[in-house]
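Let me begin by presenting the structure, written as C-alpha cells, before commenting on it.
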Protein chains: 2
Amino acid sequence: MPCVVLVRSQMGENIGAAARAMMNFGLKELRLVAPRDGWPNAKALEMSAHATHIIEQATVFDSLAEAVADCTLVIAASARRRDLAMRYLEPVAAAQEMVAQSHRAAWVFGPENNGLSNEDVAHCNAVVTIPTHPDNSSLNIAQSVGILAYETFKASGAHAREPENAEAPASHDSVQKLIAVLDEALDARGFYKTAELKPKMQQTIRAMLGRMVMSQQEVQVLWGMMMTLLKREV
Amino acid sequence: MPCVVLVRSQMGENIGAAARAMMNFGLKELRLVAPRDGWPNAKALEMSAHATHIIEQATVFDSLAEAVADCTLVIAASARRRDLAMRYLEPVAAAQEMVAQSHRAAWVFGPENNGLSNEDVAHCNAVVTIPTHPDNSSLNIAQSVGILAYETFKASGAHAREPENAEAPASHDSVQKLIAVLDEALDARGFYKTAELKPKMQQTIRAMLGRMVMSQQEVQVLWGMMMTLLKREV
C-alpha cells in the first residue's frame, strides 16, 4: 500500500486526523516534509485517536524529493489544474495505479493554505483531483487524505465482502403460501372490488412482498401478524 | 441532492467539519436530531470554514422520525452489520440510489461514541457501510459524511440520466402512520406476547416494511389490506 506524504503541514491536528483516516483504510506509513510546528507534535498525537503508532513512526524530511526518493509512483493531490503538462487523474483511476505498484508509491498533499507549489508537483508523476463542487473546492486536508485512502482501500480489494444477510432466507415456496392465505382472506372480505381489478391488485401485493427478500424468521413474523389481524380484539 | 441528518452528535467541532465536507460536495441541507450540547453551537460554526450558512440554516428535531418525515429514501451509515434484516449497501450503490430520488432523501449518521441505535436504523430504508480495514473501522463522523458526500457528488455527475420515473414514492411519515396503526391493532389483539419481546418485534416489523421503499400507491394498498383483514368475513 502507498505511503502518505504531507508537505509543510501547518496544523498538528490535521496531521493527527490524517493519520486516523490512514489507519481506517489500511495505510500505515506517514512521511512529513518540513512540518511548520516541528516534530513531534502533541496535537497530532492527540487527534490521531487509535493511530498513535502511525504518528510515532512518522519520518521527517527536509524536501519532497528526499521524502519520495524510494517511490516508483508519486501522485500529487491538487484541488486545481496546474500550469504544468502533467497526467491528470481522477481518484478511482489514480488509486488503481497506486495499488498496481509492486514498489513503494506515495500520495502527496500540500499545506492547508495554498496546497502544493508547482515545484512540488513537478516532482510527482501525476496529479489527482478529488471532484468537488466548483464553488467550494477547498477540502480539509484530512478529508482529502481520507478520500484517497478510501479509494486506495477499495482498489486494493482488501475489503472482502461479508456474506449477505446471515439469516436463513425464506424459500420462494414459503412466501407463496403466505401470499395465498393472505389473498384468500382478503378475497373473503371483499378486498378485490371487481374481478377486473383483482389480477392487478394481486400483482401489486406479490411485487411488494417479493421485493423484501425475506428471511424464514420474517415470514414467520408475517404469518403471526396476519393471523393476529384476522382475530377479533381481545 | 440528499440532506444529511446527524443524530445525537456530541461534538460541535464534528458538526462543523461535517458541514464543511457537505459544502465541498454540493450537499446543502443539514438536520440535527437532539445534538448533545444544544443548538446553536459556537464550535460548529467555527469548524465549518466557509460553510457557515449550512450551520446557520440547520434545523433541529427531537427524533429521527421527525427529521426524516418528508424523506422518501433514508439510508443509515453504520460501521457494523446489525441484528436487523436490512438492505446493506456499499457507498457507490447507495449514492446511486440517493441521486436517483426525485424527492427528498437523507443520509443518517449516529453519535460519535456508539453510532446509531437499532431503533434508529429500523427507521431507515437501508444501511450503508463504508469499507474499512477490519482492525480500524471507527471513522471520524466528518470523514464518514465527507466520503458519502463525495460518492453522492460523483454519482450525481455520472447520473445525468433522467431519474427512473416510476410511481411517486411514499414519504417516511406516511409509512410511519401505517406502522403505528398496524402496531396498535396487533397490540390490541395480543400479538406482542411479553413486554420484553415487544420492542424487538416492533423493530423487525419496522425494518421489514422500511426495506420495501414503497410508493404512495403501495402504502394505499397496504392500508386497504390491513383494514380489510381487520374486518370480519362478509
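Convention: chains lettered A, B, ... in C-alpha cells order; per-chain residue numbering from 1; ligands numbered from 1 as shown.
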
If you take only C-alpha atoms and a cut-off of 8 Å, which residues of chain A touch chain B, and what are their nearest atom pairs and distances in Å to one decimal, in chain and number order, as a Markdown table?
| residue | atom | partner | partner_atom | distance |
| --- | --- | --- | --- | --- |
| A:Arg20 | CA | B:Leu139 | CA | 7.9 |
| A:Ala21 | CA | B:Leu139 | CA | 7.0 |
| A:Met23 | CA | B:Asn136 | CA | 6.5 |
| A:Asn24 | CA | B:Asn136 | CA | 5.0 |
| A:Phe25 | CA | B:His133 | CA | 5.1 |
| A:Gly26 | CA | B:His133 | CA | 5.4 |
| A:Pro131 | CA | B:Lys154 | CA | 7.3 |
| A:Thr132 | CA | B:Phe25 | CA | 5.1 |
| A:His133 | CA | B:Phe25 | CA | 5.1 |
| A:Asp135 | CA | B:Asn24 | CA | 7.9 |
| A:Asn136 | CA | B:Asn24 | CA | 5.0 |
| A:Ser137 | CA | B:Asn24 | CA | 5.7 |
| A:Ser138 | CA | B:Asn24 | CA | 6.9 |
| A:Leu139 | CA | B:Asn24 | CA | 6.5 |
| A:Asn140 | CA | B:Ala21 | CA | 7.8 |
| A:Gln143 | CA | B:Gln143 | CA | 6.1 |
| A:Gly146 | CA | B:Gln143 | CA | 6.7 |
| A:Ile147 | CA | B:Ile147 | CA | 6.1 |
| A:Tyr150 | CA | B:Thr132 | CA | 7.6 |
| A:Phe153 | CA | B:Thr132 | CA | 7.4 |
| A:Lys154 | CA | B:Pro131 | CA | 7.3 |
| A:Ala158 | CA | B:His133 | CA | 7.7 |
| A:His159 | CA | B:Pro131 | CA | 6.3 |
| A:Glu164 | CA | B:Tyr88 | CA | 7.9 |
| A:Asn165 | CA | B:Ala85 | CA | 6.8 |
| A:Glu167 | CA | B:Ala85 | CA | 7.9 |
| A:Ala185 | CA | B:Leu229 | CA | 6.9 |
| A:Leu186 | CA | B:Thr228 | CA | 6.4 |
| A:Ala188 | CA | B:Glu233 | CA | 5.8 |
| A:Arg189 | CA | B:Glu233 | CA | 4.8 |
| A:Gly190 | CA | B:Val234 | CA | 7.1 |
| A:Phe191 | CA | B:Thr228 | CA | 6.3 |
| A:Thr204 | CA | B:Glu218 | CA | 7.5 |
| A:Ile205 | CA | B:Val221 | CA | 7.8 |
| A:Met208 | CA | B:Met212 | CA | 6.9 |
| A:Arg211 | CA | B:Met212 | CA | 6.5 |
| A:Met212 | CA | B:Met212 | CA | 5.7 |
| A:Ser215 | CA | B:Ala85 | CA | 7.8 |
| A:Glu218 | CA | B:Thr204 | CA | 7.7 |
| A:Val221 | CA | B:Ile205 | CA | 7.9 |
| A:Gly224 | CA | B:Phe191 | CA | 7.5 |
| A:Met225 | CA | B:Leu186 | CA | 6.9 |
| A:Met226 | CA | B:Leu229 | CA | 7.6 |
| A:Thr228 | CA | B:Phe191 | CA | 6.2 |
| A:Leu229 | CA | B:Leu230 | CA | 5.5 |
| A:Leu230 | CA | B:Leu229 | CA | 5.5 |
| A:Lys231 | CA | B:Arg189 | CA | 6.9 |
| A:Arg232 | CA | B:Arg189 | CA | 6.8 |
| A:Glu233 | CA | B:Arg189 | CA | 4.8 |
| A:Val234 | CA | B:Arg189 | CA | 5.4 |

Can you pull out every residue from range 99-190 of chain B that DSSP, working from the backbone, puts in helix (DSSP H, G or I), and format the result as a count of residues only? 41

Name the residues of range 9-105 of chain B that come out as strand (DSSP E or B) in a backbone DSSP run; write them as number ranges by chain. B: 30-33, 59-61, 73-77, 88-89, 105

What's around His53 in chain B at 10 Å? Count only C-alpha atoms, leave out sequence neighbours fewer than 6 positions away in its own chain, and write the answer as a ChimeraX atom specification. /B:19,23,28-29,45

Just-selected residues, N, CA, C and O atoms written as a compact mmCIF listing (two decimals), in the first residue's frame:
# COMPACT_ATOMS: atom_id res chain seq x y z
N ALA B 19 -20.30 19.85 8.06
CA ALA B 19 -20.91 20.88 7.20
C ALA B 19 -19.93 21.33 6.12
O ALA B 19 -20.30 21.51 4.96
N MET B 23 -20.48 20.94 2.04
CA MET B 23 -20.39 22.05 1.10
C MET B 23 -19.42 21.74 -0.05
O MET B 23 -19.66 22.11 -1.19
N LYS B 28 -26.42 20.60 0.83
CA LYS B 28 -26.68 21.90 1.45
C LYS B 28 -27.52 21.85 2.71
O LYS B 28 -27.52 22.78 3.50
N GLU B 29 -28.27 20.77 2.88
CA GLU B 29 -29.23 20.78 3.98
C GLU B 29 -28.82 19.86 5.12
O GLU B 29 -28.70 18.66 4.95
N LEU B 45 -19.93 26.33 14.30
CA LEU B 45 -19.79 27.44 13.37
C LEU B 45 -18.32 27.67 13.01
O LEU B 45 -17.97 27.83 11.84

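If you look at CA of Val5 in chain A and CA of Ile141 in chain B, they are 23.4 Å away from each other.
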
Find the spatial neighbours of range 170-172 of chain B, counting only C-alpha atoms, within a cut-off of 10 Å - ignore same-chain residues fewer than 6 positions away - and output them as a list in words.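 Neighbouring residues, sequence-local ones excluded: Ala65, Glu66, Ala67, Val68, Ala69, Asp70, Cys71, Thr72, Leu73, Val74, His103, Arg104, Ala105, His123, Cys124, Asn125, Gly210, Val213, Met214, Ser215, Gln216, Gln217, Glu218, Val219 and Gln220 of chain B.
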
Mind writing the picked residues with C-alpha atoms as a PDB file, in the first residue's frame?
ATOM      1  CA  ALA B  65     -38.677  10.005  12.738  1.00  0.00           C
ATOM      2  CA  GLU B  66     -39.500  13.717  12.703  1.00  0.00           C
ATOM      3  CA  ALA B  67     -36.257  14.632  10.978  1.00  0.00           C
ATOM      4  CA  VAL B  68     -36.901  12.315   8.035  1.00  0.00           C
ATOM      5  CA  ALA B  69     -40.698  12.608   7.919  1.00  0.00           C
ATOM      6  CA  ASP B  70     -40.665  14.088   4.407  1.00  0.00           C
ATOM      7  CA  CYS B  71     -37.974  11.783   3.005  1.00  0.00           C
ATOM      8  CA  THR B  72     -38.634   9.001   0.526  1.00  0.00           C
ATOM      9  CA  LEU B  73     -35.274   7.257   0.911  1.00  0.00           C
ATOM     10  CA  VAL B  74     -33.396   7.176   4.199  1.00  0.00           C
ATOM     11  CA  HIS B 103     -37.887  13.627  -3.777  1.00  0.00           C
ATOM     12  CA  ARG B 104     -36.111  14.374  -0.504  1.00  0.00           C
ATOM     13  CA  ALA B 105     -33.664  11.723   0.638  1.00  0.00           C
ATOM     14  CA  HIS B 123     -36.421   3.910  10.756  1.00  0.00           C
ATOM     15  CA  CYS B 124     -34.224   3.752   7.664  1.00  0.00           C
ATOM     16  CA  ASN B 125     -34.706   2.028   4.323  1.00  0.00           C
ATOM     17  CA  GLY B 210     -38.869   0.135   5.696  1.00  0.00           C
ATOM     18  CA  VAL B 213     -39.138   1.629  -0.184  1.00  0.00           C
ATOM     19  CA  MET B 214     -42.776   1.870  -1.086  1.00  0.00           C
ATOM     20  CA  SER B 215     -44.649   4.058  -3.499  1.00  0.00           C
ATOM     21  CA  GLN B 216     -47.611   6.140  -2.327  1.00  0.00           C
ATOM     22  CA  GLN B 217     -49.872   3.770  -4.158  1.00  0.00           C
ATOM     23  CA  GLU B 218     -48.410   0.771  -2.364  1.00  0.00           C
ATOM     24  CA  VAL B 219     -48.925   2.409   1.003  1.00  0.00           C
ATOM     25  CA  GLN B 220     -52.575   2.842   0.000  1.00  0.00           C
TER      26      GLN B 220
END

Between CA of Asp173 in chain A and CA of Ala207 in chain A, measure the distance and give it in Å to one decimal. 15.0 Å
